[in-house]
Amino acid sequence: MIIKNNTPKLFVTLSFLLILPFVQKQWFNLYSLNNNDISLYSILYYLSGAICPSLVCLNSLKNYTYYNFYRDKVHSIKIIKGKRLLFLVAINLIFLSYLIADYININFDLIFNLFLEGINVPKQDIPQLSFFIFLISILLIFKKSRFLLKKIILVNFILISLNIWYLQINNISVDNQFRIYRYFGLNDLNLINLFILLGIEISFYTWSFLSYKTNLSDWIVPIPQKGDFLPFLNILIFYFFIIIYYSKLT
């Protein structure tokens, strides 16, 4: 795999995220001293909820979207083909499509429950969900639509993060009427949001590897080499620090 050395930039970003919670708490404390009036600190505190989600999206778009892999001498190394490849492709494609479909539904569910309570939206049944998953699967197969779908996922992440920030600022409790409530049995909505995105990131990378260039049309995929596992480590390290950020913020 072709890997760019973005370590210095990543280190600066992660260091900033470790400091940011303490700054946000100071803004909140100063805002709390006079919370009846709009002040500079209240504006800074409200806007600061978009900083981390924006950094996550920018980093993901730059480093975890446009993957390139070496394919030299693909016929001289071990390969995956036949039924084993069909199983891997089917499992990964269905799993990734379901995660994306449910993730988008979570966002719509939050918006309607928070801001459009008077509108009764019928719950999605199995045939509708199946069609949505099928549509996403088709989009994932083609390169351009796959990249577009990844951008939609990142926008979805920002919107969910801002909705959660709104819930926390206004002390709104989340119960089982919210779709996000059922995930992982966690009380921290930010962690739920991150874990879903992390699952999508890992599955998206796996799908990018399986569907790279003519892999699927040739029905031959090389067995991953050691270097191909580095992006997994990169993704896990980055999101580990994001989890630390939200833990400190809480």
# chains A, B, ... in the order shown; residues from 1 in each chain; ligands from 1

call {"tool": "select_by_dssp", "arguments": {"residues": "range 15-134 of chain A", "states": "alpha helix (DSSP H)", "output": "count of residues only"}}
result
83

call {"tool": "residues_around", "arguments": {"residues": "Tyr239 in chain A", "least_positions_apart": "6", "cutoff": "9 Å", "atoms": "only C-alpha atoms", "output": "PDB file with N, CA and C atoms, in the first residue's frame"}}
result
ATOM      1  N   VAL A  56     -12.116  15.456  12.807  1.00  0.00           N
ATOM      2  CA  VAL A  56     -12.288  14.037  12.490  1.00  0.00           C
ATOM      3  C   VAL A  56     -12.637  13.861  11.015  1.00  0.00           C
ATOM      4  N   LEU A 194     -18.911   7.623  17.769  1.00  0.00           N
ATOM      5  CA  LEU A 194     -17.552   7.309  17.340  1.00  0.00           C
ATOM      6  C   LEU A 194     -17.391   5.846  16.976  1.00  0.00           C
ATOM      7  N   PHE A 195     -17.957   4.958  17.779  1.00  0.00           N
ATOM      8  CA  PHE A 195     -17.807   3.520  17.513  1.00  0.00           C
ATOM      9  C   PHE A 195     -18.479   3.123  16.206  1.00  0.00           C
ATOM     10  N   LEU A 198     -16.177   4.392  13.520  1.00  0.00           N
ATOM     11  CA  LEU A 198     -14.988   3.551  13.491  1.00  0.00           C
ATOM     12  C   LEU A 198     -15.262   2.236  12.760  1.00  0.00           C
TER      13      LEU A 198
END

call {"tool": "residues_around", "arguments": {"residues": "range 160-175 of chain A", "least_positions_apart": "5", "cutoff": "9 Å", "atoms": "only C-alpha atoms", "output": "PDB file with N, CA and C atoms, in the first residue's frame"}}
result
ATOM      1  N   TYR A  46     -20.307  27.270  22.678  1.00  0.00           N
ATOM      2  CA  TYR A  46     -21.272  26.661  21.759  1.00  0.00           C
ATOM      3  C   TYR A  46     -20.594  26.216  20.463  1.00  0.00           C
ATOM      4  N   GLY A  49     -18.154  22.928  20.059  1.00  0.00           N
ATOM      5  CA  GLY A  49     -18.670  21.574  19.849  1.00  0.00           C
ATOM      6  C   GLY A  49     -18.475  21.072  18.440  1.00  0.00           C
ATOM      7  N   ALA A  50     -18.187  21.970  17.506  1.00  0.00           N
ATOM      8  CA  ALA A  50     -17.992  21.576  16.107  1.00  0.00           C
ATOM      9  C   ALA A  50     -16.520  21.352  15.765  1.00  0.00           C
ATOM     10  N   PRO A  53     -15.494  17.252  15.747  1.00  0.00           N
ATOM     11  CA  PRO A  53     -16.106  16.571  14.592  1.00  0.00           C
ATOM     12  C   PRO A  53     -15.537  17.038  13.256  1.00  0.00           C
ATOM     13  N   ILE A 106     -30.181   7.003  12.005  1.00  0.00           N
ATOM     14  CA  ILE A 106     -29.971   7.556  13.345  1.00  0.00           C
ATOM     15  C   ILE A 106     -30.005   9.079  13.310  1.00  0.00           C
ATOM     16  N   ASN A 107     -29.370   9.647  12.287  1.00  0.00           N
ATOM     17  CA  ASN A 107     -29.344  11.105  12.159  1.00  0.00           C
ATOM     18  C   ASN A 107     -30.742  11.665  11.937  1.00  0.00           C
ATOM     19  N   LEU A 110     -32.737  11.504  15.144  1.00  0.00           N
ATOM     20  CA  LEU A 110     -32.389  12.569  16.091  1.00  0.00           C
ATOM     21  C   LEU A 110     -33.020  13.891  15.688  1.00  0.00           C
ATOM     22  N   ILE A 111     -32.947  14.215  14.418  1.00  0.00           N
ATOM     23  CA  ILE A 111     -33.487  15.494  13.934  1.00  0.00           C
ATOM     24  C   ILE A 111     -34.992  15.571  14.163  1.00  0.00           C
ATOM     25  N   LEU A 114     -35.846  15.786  17.929  1.00  0.00           N
ATOM     26  CA  LEU A 114     -35.429  17.019  18.596  1.00  0.00           C
ATOM     27  C   LEU A 114     -36.137  18.259  18.063  1.00  0.00           C
ATOM     28  N   VAL A 155     -20.424  13.949   6.663  1.00  0.00           N
ATOM     29  CA  VAL A 155     -21.392  15.015   6.961  1.00  0.00           C
ATOM     30  C   VAL A 155     -22.403  14.518   7.987  1.00  0.00           C
ATOM     31  N   ILE A 180     -30.584   5.906  18.484  1.00  0.00           N
ATOM     32  CA  ILE A 180     -29.203   5.774  18.930  1.00  0.00           C
ATOM     33  C   ILE A 180     -29.110   5.148  20.321  1.00  0.00           C
ATOM     34  N   TYR A 181     -30.210   5.179  21.066  1.00  0.00           N
ATOM     35  CA  TYR A 181     -30.236   4.704  22.455  1.00  0.00           C
ATOM     36  C   TYR A 181     -29.909   3.222  22.560  1.00  0.00           C
ATOM     37  N   ASN A 187     -24.109   4.930  27.806  1.00  0.00           N
ATOM     38  CA  ASN A 187     -24.810   6.170  28.107  1.00  0.00           C
ATOM     39  C   ASN A 187     -24.187   7.360  27.391  1.00  0.00           C
ATOM     40  N   LEU A 189     -23.334   9.212  24.383  1.00  0.00           N
ATOM     41  CA  LEU A 189     -23.743   9.232  22.984  1.00  0.00           C
ATOM     42  C   LEU A 189     -22.577   9.526  22.051  1.00  0.00           C
ATOM     43  N   ASN A 190     -21.611  10.317  22.523  1.00  0.00           N
ATOM     44  CA  ASN A 190     -20.449  10.613  21.698  1.00  0.00           C
ATOM     45  C   ASN A 190     -19.652   9.348  21.385  1.00  0.00           C
ATOM     46  N   ASN A 193     -21.513   7.323  18.787  1.00  0.00           N
ATOM     47  CA  ASN A 193     -21.306   7.929  17.481  1.00  0.00           C
ATOM     48  C   ASN A 193     -19.929   7.575  16.921  1.00  0.00           C
TER      49      ASN A 193
END

call {"tool": "closest_atom_pairs", "arguments": {"of": "range 44-67 of chain A", "to": "range 15-19 of chain A", "cutoff": "10 Å", "atoms": "only C-alpha atoms", "output": "JSON lines"}}
result
{"residue": "A:Ile51", "atom": "CA", "partner": "A:Leu17", "partner_atom": "CA", "distance": 9.0}
{"residue": "A:Cys52", "atom": "CA", "partner": "A:Leu17", "partner_atom": "CA", "distance": 7.1}
{"residue": "A:Leu55", "atom": "CA", "partner": "A:Leu17", "partner_atom": "CA", "distance": 9.1}

call {"tool": "atom_distance", "arguments": {"atom1": "CA of Phe11 in chain A", "atom2": "CA of Phe238 in chain A"}}
result
9.6 Å

call {"tool": "closest_residue", "arguments": {"among": "A:Ser97, A:Gln128, A:Ser217, A:Gln26", "to": "Gly199 in chain A", "atoms": "only C-alpha atoms"}}
result
A:Ser97

call {"tool": "closest_residue", "arguments": {"among": "A:Leu216, A:Tyr66, A:Ile237, A:Leu230", "to": "Leu85 in chain A", "atoms": "only C-alpha atoms"}}
result
A:Leu216
